[in-house]
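Engineer: You'll find work.csv just under this line, and it carries CSV, C-alpha atoms.
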chain,number,residue,atom,x,y,z
V,1149,ALA,CA,-57.8,2.0,-82.4
V,1150,ILE,CA,-59.3,-1.4,-82.3
V,1151,ASP,CA,-57.0,-4.2,-81.1
V,1152,PRO,CA,-57.5,-7.1,-83.5
V,1153,GLU,CA,-56.5,-9.5,-80.8
V,1154,ARG,CA,-59.4,-8.4,-78.5
V,1155,VAL,CA,-62.5,-8.5,-80.7
V,1156,GLY,CA,-65.5,-10.4,-79.3
V,1157,ILE,CA,-69.1,-10.8,-80.4
V,1158,CYS,CA,-72.3,-11.1,-78.4
V,1159,GLY,CA,-76.0,-11.5,-79.4
V,1160,GLY,CA,-79.3,-12.9,-78.5
V,1161,SER,CA,-82.0,-14.5,-80.6
V,1162,HIS,CA,-81.5,-13.2,-84.1
V,1163,GLY,CA,-78.4,-11.5,-82.8
V,1164,GLY,CA,-77.2,-14.9,-81.6
V,1165,PHE,CA,-77.9,-16.3,-85.0
V,1166,LEU,CA,-75.7,-13.5,-86.5
V,1167,ALA,CA,-73.0,-13.9,-83.8
V,1168,ALA,CA,-72.8,-17.6,-84.6
V,1169,HIS,CA,-72.7,-17.0,-88.4
V,1170,LEU,CA,-70.0,-14.4,-88.0
V,1171,SER,CA,-68.0,-16.6,-85.6
V,1172,GLY,CA,-68.0,-19.3,-88.2
V,1173,GLN,CA,-67.5,-17.2,-91.3
V,1174,HIS,CA,-64.8,-14.9,-89.8
V,1175,PRO,CA,-63.0,-17.2,-87.4
V,1176,ASP,CA,-59.8,-15.1,-87.3
V,1177,LEU,CA,-61.7,-11.9,-86.5
V,1178,PHE,CA,-63.7,-13.0,-83.4
V,1179,LYS,CA,-61.6,-14.2,-80.4
V,1180,VAL,CA,-64.6,-14.8,-78.1
V,1181,ALA,CA,-68.4,-15.2,-78.4
V,1182,SER,CA,-71.5,-15.1,-76.2
V,1183,MET,CA,-74.9,-16.1,-77.4
V,1184,ARG,CA,-78.3,-16.0,-75.8
V,1185,ASN,CA,-81.0,-18.3,-77.2
V,1186,PRO,CA,-79.3,-18.5,-80.7
V,1187,CYS,CA,-80.9,-19.9,-83.7
V,1188,ILE,CA,-78.2,-22.4,-84.9
V,1189,ASN,CA,-79.9,-24.8,-87.3
V,1190,ILE,CA,-82.9,-23.5,-89.2
V,1191,ALA,CA,-83.6,-27.0,-90.6
V,1192,SER,CA,-84.1,-28.5,-87.2
V,1193,MET,CA,-85.9,-25.4,-85.8
V,1194,VAL,CA,-88.6,-24.9,-88.4
V,1195,THR,CA,-91.1,-27.5,-87.1
V,1196,ALA,CA,-90.3,-26.8,-83.4
V,1197,THR,CA,-90.7,-23.0,-83.2
V,1198,ASP,CA,-93.6,-20.6,-82.9
V,1199,ILE,CA,-92.2,-18.6,-85.8
V,1200,PRO,CA,-91.9,-21.1,-88.7
V,1201,ASP,CA,-92.5,-18.2,-91.1
V,1202,TRP,CA,-89.2,-16.7,-90.0
V,1203,CYS,CA,-87.4,-19.9,-90.9
V,1204,TYR,CA,-88.9,-19.9,-94.4
V,1205,VAL,CA,-88.4,-16.2,-95.1
V,1206,GLU,CA,-84.9,-16.1,-93.7
V,1207,THR,CA,-83.7,-18.9,-96.0
V,1208,LEU,CA,-86.1,-18.9,-99.0
V,1209,GLY,CA,-87.2,-15.3,-99.2
V,1210,ILE,CA,-90.4,-13.3,-98.8
V,1211,GLY,CA,-93.5,-15.0,-100.2
V,1212,LYS,CA,-92.3,-18.5,-99.6
V,1213,TYR,CA,-94.3,-19.2,-96.5
V,1214,GLU,CA,-98.0,-20.1,-96.8
V,1215,TRP,CA,-99.8,-18.9,-93.6
V,1216,ASP,CA,-102.9,-21.0,-94.3
V,1217,ASN,CA,-101.0,-24.2,-95.4
V,1218,PHE,CA,-98.2,-25.0,-93.0
V,1219,ARG,CA,-96.1,-28.0,-94.1
V,1220,ALA,CA,-92.7,-29.4,-93.3
V,1221,PRO,CA,-90.0,-28.2,-95.7
V,1222,SER,CA,-89.2,-30.3,-98.8
V,1223,LYS,CA,-85.7,-31.9,-99.0
V,1224,GLU,CA,-84.5,-29.0,-101.2
V,1225,GLU,CA,-85.8,-26.4,-98.8
V,1226,ASN,CA,-84.4,-28.3,-95.8
V,1227,ASP,CA,-81.0,-28.4,-97.5
V,1228,LYS,CA,-81.2,-24.6,-98.1
V,1229,MET,CA,-82.2,-24.1,-94.5
V,1230,TRP,CA,-79.1,-26.0,-93.4
V,1231,ASP,CA,-76.8,-24.1,-95.8
V,1232,ASN,CA,-78.1,-20.8,-94.4
V,1233,SER,CA,-77.6,-21.8,-90.8
V,1234,PRO,CA,-74.6,-21.1,-88.5
V,1235,ILE,CA,-74.2,-24.9,-88.0
V,1236,ALA,CA,-73.0,-25.1,-91.6
V,1237,HIS,CA,-69.9,-23.1,-90.6
V,1238,LEU,CA,-69.2,-25.0,-87.3
V,1239,GLU,CA,-65.9,-26.5,-88.5
V,1240,ASN,CA,-64.5,-23.0,-88.9
V,1241,VAL,CA,-65.3,-21.7,-85.4
V,1242,LYS,CA,-62.3,-20.9,-83.2
V,1243,ALA,CA,-63.8,-18.5,-80.6
V,1244,PRO,CA,-64.4,-19.8,-77.1
V,1245,THR,CA,-68.2,-19.6,-76.9
V,1246,LEU,CA,-70.7,-19.0,-74.1
V,1247,VAL,CA,-74.2,-20.2,-74.8
V,1248,ALA,CA,-77.2,-19.1,-72.6
V,1249,LEU,CA,-80.6,-20.8,-72.8
V,1250,GLY,CA,-84.0,-20.1,-71.4
V,1251,MET,CA,-85.5,-23.6,-71.1
V,1252,LYS,CA,-89.1,-22.4,-71.6
V,1253,ASP,CA,-88.3,-20.7,-74.9
V,1254,ARG,CA,-90.8,-21.5,-77.6
V,1255,ARG,CA,-89.4,-19.0,-80.1
V,1256,VAL,CA,-85.9,-20.5,-80.4
V,1257,PRO,CA,-86.1,-24.0,-78.9
V,1258,PRO,CA,-83.4,-24.7,-76.3
V,1259,SER,CA,-82.3,-27.6,-78.5
V,1260,GLN,CA,-80.8,-25.0,-80.9
V,1261,GLY,CA,-78.2,-23.8,-78.3
V,1262,LEU,CA,-77.7,-27.3,-77.0
V,1263,GLU,CA,-76.8,-28.5,-80.5
V,1264,TYR,CA,-74.2,-25.7,-80.8
V,1265,PHE,CA,-72.8,-26.2,-77.4
V,1266,HIS,CA,-72.3,-30.0,-77.8
V,1267,SER,CA,-70.9,-29.5,-81.3
V,1268,LEU,CA,-68.4,-27.0,-80.2
V,1269,ARG,CA,-67.4,-29.0,-77.2
V,1270,ALA,CA,-66.9,-32.1,-79.5
V,1271,LYS,CA,-64.3,-29.9,-81.3
V,1272,SER,CA,-62.6,-29.4,-77.9
V,1273,LEU,CA,-63.3,-25.7,-78.1
V,1274,PRO,CA,-63.7,-23.9,-74.8
V,1275,THR,CA,-67.5,-23.7,-74.3
V,1276,LYS,CA,-69.7,-22.9,-71.4
V,1277,LEU,CA,-73.5,-23.5,-71.1
V,1278,LEU,CA,-75.8,-21.4,-68.9
V,1279,VAL,CA,-79.2,-22.9,-68.3
V,1280,TYR,CA,-82.1,-20.8,-67.0
V,1281,GLU,CA,-84.9,-23.3,-66.2
V,1282,ASP,CA,-87.6,-20.7,-65.5
V,1283,CYS,CA,-86.9,-18.4,-68.4
V,1284,ASP,CA,-88.4,-18.1,-71.8
V,1285,HIS,CA,-86.9,-16.4,-74.9
V,1286,ALA,CA,-86.1,-13.1,-73.2
V,1287,ILE,CA,-84.2,-14.5,-70.2
V,1288,ASP,CA,-85.4,-11.3,-68.5
V,1289,ARG,CA,-85.8,-12.3,-64.8
V,1290,VAL,CA,-83.7,-10.0,-62.9
V,1291,VAL,CA,-81.4,-12.7,-61.4
V,1292,SER,CA,-81.1,-14.5,-64.7
V,1293,GLU,CA,-80.3,-11.5,-66.7
V,1294,ALA,CA,-77.7,-10.3,-64.2
V,1295,ASP,CA,-76.2,-13.8,-64.1
V,1296,PHE,CA,-75.9,-13.8,-67.9
V,1297,TRP,CA,-74.2,-10.4,-68.2
V,1298,ILE,CA,-71.8,-11.2,-65.3
V,1299,ASN,CA,-70.9,-14.5,-66.9
V,1300,THR,CA,-70.5,-12.8,-70.3
V,1301,LYS,CA,-68.1,-10.2,-68.8
V,1302,GLN,CA,-66.1,-12.9,-67.1
V,1303,TRP,CA,-66.0,-15.0,-70.3
V,1304,PHE,CA,-64.7,-12.0,-72.3
V,1305,ASP,CA,-62.2,-11.2,-69.6
V,1306,LYS,CA,-60.9,-14.7,-69.5
V,1307,HIS,CA,-60.6,-15.1,-73.3
V,1308,LEU,CA,-59.5,-11.7,-74.5
Step by step, read the file and then write its structure as structure tokens.
Structural biologist:
Amino acid sequence: AIDPERVGICGGSHGGFLAAHLSGQHPDLFKVASMRNPCINIASMVTATDIPDWCYVETLGIGKYEWDNFRAPSKEENDKMWDNSPIAHLENVKAPTLVALGMKDRRVPPSQGLEYFHSLRAKSLPTKLLVYEDCDHAIDRVVSEADFWINTKQWFDKHL
């Protein structure tokens, strides 16, 4: 049986995007969260990432991105990107959250996780930031990856 008082969520990249969404949309379900290079605010990510197509397709649907004619989103598109981002549900988040960032990430800029970290901390929510200066999106250096998983285990042990 699942103990409803001991449910945590963990994800990286798109999984971090989903973990942040779920943490904000189901705040009574998740008691702790750990995210690795999460996409938090599609509106602020779209012009700073190497995958702007993902930002358009994720929020506006297939066929809404023009490969040969990149442009910044319109105000309406920008609003929709915000509405479809985890940051739109920030006020609901209750789970203590660990955020890990590879500072050389070009896929999901580190500013995404920093925005979430600072926003959660401003709510006085227990939050921890792990910074890996020499890592990119994967955070796959042996020492960095081990550090992330050890910290995630300790974070879950502390908050569950």
Engineer: Kindly indicate which residue among V:Glu1153, V:Val1256, V:Met1251, V:Gly1261 lies nearest to Lys1179 in chain V, using only C-alpha atoms for the distances.
Structural biologist: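 Looking only at the distances to Lys1179 in chain V, the closest residue turns out to be V:Glu1153.
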Engineer: Write out as a list in words the residues lying within 9 Å of range 1200-1209 of chain V, counting only C-alpha atoms and excluding same-chain residues fewer than 5 positions away.
Structural biologist: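 Skipping anything fewer than 5 positions along the chain leaves Ile1190, Ala1191, Met1193, Val1194, Thr1195, Glu1214, Trp1215, Phe1218, Pro1221, Glu1225, Lys1228, Met1229, Trp1230, Asp1231, Asn1232 and Ser1233 of chain V.
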Engineer: Under the rule that all atoms listed in the file are counted, which of V:Leu1238, V:Leu1170, V:Cys1187, V:Leu1246 is the nearest residue to Gln1302 in chain V?
Structural biologist: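 Nearest to Gln1302 in chain V: V:Leu1246.
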Engineer: I'd like to know which of V:Pro1244, V:Gly1211, V:Gly1172, V:Gly1159 is closest to Phe1304 in chain V, using all atoms listed in the file.
Structural biologist: V:Pro1244
Engineer: Which of these, V:Pro1234, V:Pro1274, V:Gly1164, V:Pro1258, has the shortest distance to Met1183 in chain V once you count all atoms listed in the file?
Structural biologist: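 That would be V:Gly1164, the residue with the smallest distance to Met1183 in chain V.
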Engineer: Just how far from CA of Ile1188 in chain V is CA of His1169 in chain V, in Å to one decimal?
Structural biologist: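 Here the two named atoms are 8.5 Å from each other.
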Engineer: Using only C-alpha atoms, which residue out of V:Lys1242, V:Arg1289, V:Lys1212, V:Arg1219 lies closest to Gln1173 in chain V?
Structural biologist: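 Of V:Lys1242, V:Arg1289, V:Lys1212, V:Arg1219, the one nearest Gln1173 in chain V is V:Lys1242, counting only C-alpha atoms.
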Engineer: Distance CA of Trp1303 in chain V-CA of Thr1275 in chain V, one decimal place?
Structural biologist: 9.7 Å
Engineer: Of the candidates V:Lys1223, V:Arg1154, V:His1266, V:Arg1255, which one gets nearest to Ile1235 in chain V if we count all atoms listed in the file?
Structural biologist: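 Looking only at the distances to Ile1235 in chain V, the closest residue turns out to be V:His1266.
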Engineer: As an exercise, work out the distance from CA of Ala1243 in chain V to CA of Leu1268 in chain V in Å and give it to one decimal place.
Structural biologist: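 Here the two named atoms are 9.7 Å from each other.
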Engineer: Show which residues sit within 7 Å of Val1247 in chain V, as a list of chain:residue names. Count only C-alpha atoms, and ignore same-chain residues fewer than 5 positions away.
Structural biologist: V:Ser1182, V:Met1183, V:Arg1184, V:Gly1261, V:Phe1265, V:Lys1276, V:Leu1277, V:Leu1278
Engineer: Any chance you could build range 1247-1258 of chain V out to all heavy atoms and write it as a PDB file, keeping the file's coordinate frame?
Structural biologist:
ATOM      1  N   VAL V1247     -72.876 -20.068 -74.261  1.00  0.00           N
ATOM      2  CA  VAL V1247     -74.200 -20.200 -74.800  1.00  0.00           C
ATOM      3  C   VAL V1247     -75.195 -20.165 -73.564  1.00  0.00           C
ATOM      4  O   VAL V1247     -75.032 -20.924 -72.611  1.00  0.00           O
ATOM      5  CB  VAL V1247     -74.428 -21.549 -75.521  1.00  0.00           C
ATOM      6  CG1 VAL V1247     -75.865 -21.722 -75.980  1.00  0.00           C
ATOM      7  CG2 VAL V1247     -73.467 -21.640 -76.703  1.00  0.00           C
ATOM      8  N   ALA V1248     -76.186 -19.276 -73.624  1.00  0.00           N
ATOM      9  CA  ALA V1248     -77.200 -19.100 -72.600  1.00  0.00           C
ATOM     10  C   ALA V1248     -78.557 -19.512 -73.105  1.00  0.00           C
ATOM     11  O   ALA V1248     -78.940 -19.046 -74.181  1.00  0.00           O
ATOM     12  CB  ALA V1248     -77.203 -17.720 -72.020  1.00  0.00           C
ATOM     13  N   LEU V1249     -79.294 -20.323 -72.339  1.00  0.00           N
ATOM     14  CA  LEU V1249     -80.600 -20.800 -72.800  1.00  0.00           C
ATOM     15  C   LEU V1249     -81.689 -20.628 -71.775  1.00  0.00           C
ATOM     16  O   LEU V1249     -81.527 -21.009 -70.615  1.00  0.00           O
ATOM     17  CB  LEU V1249     -80.496 -22.306 -73.142  1.00  0.00           C
ATOM     18  CG  LEU V1249     -79.437 -22.715 -74.158  1.00  0.00           C
ATOM     19  CD1 LEU V1249     -79.388 -24.221 -74.277  1.00  0.00           C
ATOM     20  CD2 LEU V1249     -79.703 -22.043 -75.485  1.00  0.00           C
ATOM     21  N   GLY V1250     -82.805 -20.080 -72.232  1.00  0.00           N
ATOM     22  CA  GLY V1250     -84.000 -20.100 -71.400  1.00  0.00           C
ATOM     23  C   GLY V1250     -84.778 -21.342 -71.779  1.00  0.00           C
ATOM     24  O   GLY V1250     -85.198 -21.534 -72.924  1.00  0.00           O
ATOM     25  N   MET V1251     -84.925 -22.228 -70.830  1.00  0.00           N
ATOM     26  CA  MET V1251     -85.500 -23.600 -71.100  1.00  0.00           C
ATOM     27  C   MET V1251     -86.959 -23.586 -71.404  1.00  0.00           C
ATOM     28  O   MET V1251     -87.478 -24.613 -71.842  1.00  0.00           O
ATOM     29  CB  MET V1251     -85.115 -24.519 -69.972  1.00  0.00           C
ATOM     30  CG  MET V1251     -83.601 -24.690 -69.780  1.00  0.00           C
ATOM     31  SD  MET V1251     -82.691 -25.121 -71.294  1.00  0.00           S
ATOM     32  CE  MET V1251     -83.120 -26.849 -71.423  1.00  0.00           C
ATOM     33  N   LYS V1252     -87.647 -22.464 -71.226  1.00  0.00           N
ATOM     34  CA  LYS V1252     -89.100 -22.400 -71.600  1.00  0.00           C
ATOM     35  C   LYS V1252     -89.300 -21.622 -72.861  1.00  0.00           C
ATOM     36  O   LYS V1252     -90.404 -21.197 -73.160  1.00  0.00           O
ATOM     37  CB  LYS V1252     -89.856 -21.756 -70.413  1.00  0.00           C
ATOM     38  CG  LYS V1252     -89.885 -22.630 -69.178  1.00  0.00           C
ATOM     39  CD  LYS V1252     -90.750 -22.041 -68.094  1.00  0.00           C
ATOM     40  CE  LYS V1252     -90.806 -22.986 -66.911  1.00  0.00           C
ATOM     41  NZ  LYS V1252     -91.634 -22.445 -65.827  1.00  0.00           N
ATOM     42  N   ASP V1253     -88.249 -21.456 -73.636  1.00  0.00           N
ATOM     43  CA  ASP V1253     -88.300 -20.700 -74.900  1.00  0.00           C
ATOM     44  C   ASP V1253     -89.076 -21.487 -75.949  1.00  0.00           C
ATOM     45  O   ASP V1253     -88.748 -22.636 -76.235  1.00  0.00           O
ATOM     46  CB  ASP V1253     -86.877 -20.421 -75.371  1.00  0.00           C
ATOM     47  CG  ASP V1253     -86.805 -19.432 -76.512  1.00  0.00           C
ATOM     48  OD1 ASP V1253     -87.855 -19.053 -77.064  1.00  0.00           O
ATOM     49  OD2 ASP V1253     -85.679 -19.031 -76.847  1.00  0.00           O
ATOM     50  N   ARG V1254     -90.095 -20.873 -76.527  1.00  0.00           N
ATOM     51  CA  ARG V1254     -90.800 -21.500 -77.600  1.00  0.00           C
ATOM     52  C   ARG V1254     -90.481 -20.841 -78.964  1.00  0.00           C
ATOM     53  O   ARG V1254     -90.806 -21.355 -80.006  1.00  0.00           O
ATOM     54  CB  ARG V1254     -92.340 -21.393 -77.388  1.00  0.00           C
ATOM     55  CG  ARG V1254     -92.771 -22.263 -76.228  1.00  0.00           C
ATOM     56  CD  ARG V1254     -94.252 -22.255 -76.025  1.00  0.00           C
ATOM     57  NE  ARG V1254     -94.737 -20.890 -75.855  1.00  0.00           N
ATOM     58  CZ  ARG V1254     -95.993 -20.513 -76.018  1.00  0.00           C
ATOM     59  NH1 ARG V1254     -96.903 -21.370 -76.353  1.00  0.00           N
ATOM     60  NH2 ARG V1254     -96.345 -19.260 -75.828  1.00  0.00           N
ATOM     61  N   ARG V1255     -89.809 -19.713 -78.904  1.00  0.00           N
ATOM     62  CA  ARG V1255     -89.400 -19.000 -80.100  1.00  0.00           C
ATOM     63  C   ARG V1255     -88.194 -19.706 -80.762  1.00  0.00           C
ATOM     64  O   ARG V1255     -88.205 -20.110 -81.906  1.00  0.00           O
ATOM     65  CB  ARG V1255     -89.069 -17.561 -79.789  1.00  0.00           C
ATOM     66  CG  ARG V1255     -88.544 -16.781 -80.924  1.00  0.00           C
ATOM     67  CD  ARG V1255     -89.445 -15.706 -81.472  1.00  0.00           C
ATOM     68  NE  ARG V1255     -90.851 -15.969 -81.367  1.00  0.00           N
ATOM     69  CZ  ARG V1255     -91.767 -15.049 -81.062  1.00  0.00           C
ATOM     70  NH1 ARG V1255     -91.413 -13.809 -80.807  1.00  0.00           N
ATOM     71  NH2 ARG V1255     -93.038 -15.353 -81.013  1.00  0.00           N
ATOM     72  N   VAL V1256     -87.116 -19.814 -79.987  1.00  0.00           N
ATOM     73  CA  VAL V1256     -85.900 -20.500 -80.400  1.00  0.00           C
ATOM     74  C   VAL V1256     -85.748 -21.682 -79.413  1.00  0.00           C
ATOM     75  O   VAL V1256     -85.273 -21.461 -78.305  1.00  0.00           O
ATOM     76  CB  VAL V1256     -84.669 -19.641 -80.448  1.00  0.00           C
ATOM     77  CG1 VAL V1256     -83.448 -20.445 -80.878  1.00  0.00           C
ATOM     78  CG2 VAL V1256     -84.872 -18.449 -81.376  1.00  0.00           C
ATOM     79  N   PRO V1257     -86.176 -22.874 -79.791  1.00  0.00           N
ATOM     80  CA  PRO V1257     -86.100 -24.000 -78.900  1.00  0.00           C
ATOM     81  C   PRO V1257     -84.730 -24.194 -78.254  1.00  0.00           C
ATOM     82  O   PRO V1257     -83.728 -24.031 -78.959  1.00  0.00           O
ATOM     83  CB  PRO V1257     -86.535 -25.197 -79.715  1.00  0.00           C
ATOM     84  CG  PRO V1257     -87.313 -24.604 -80.845  1.00  0.00           C
ATOM     85  CD  PRO V1257     -86.692 -23.265 -81.103  1.00  0.00           C
ATOM     86  N   PRO V1258     -84.655 -24.522 -76.974  1.00  0.00           N
ATOM     87  CA  PRO V1258     -83.400 -24.700 -76.300  1.00  0.00           C
ATOM     88  C   PRO V1258     -82.475 -25.743 -77.057  1.00  0.00           C
ATOM     89  O   PRO V1258     -81.254 -25.686 -76.971  1.00  0.00           O
ATOM     90  CB  PRO V1258     -83.721 -25.216 -74.923  1.00  0.00           C
ATOM     91  CG  PRO V1258     -85.081 -24.653 -74.682  1.00  0.00           C
ATOM     92  CD  PRO V1258     -85.763 -24.654 -76.018  1.00  0.00           C
TER      93      PRO V1258
END
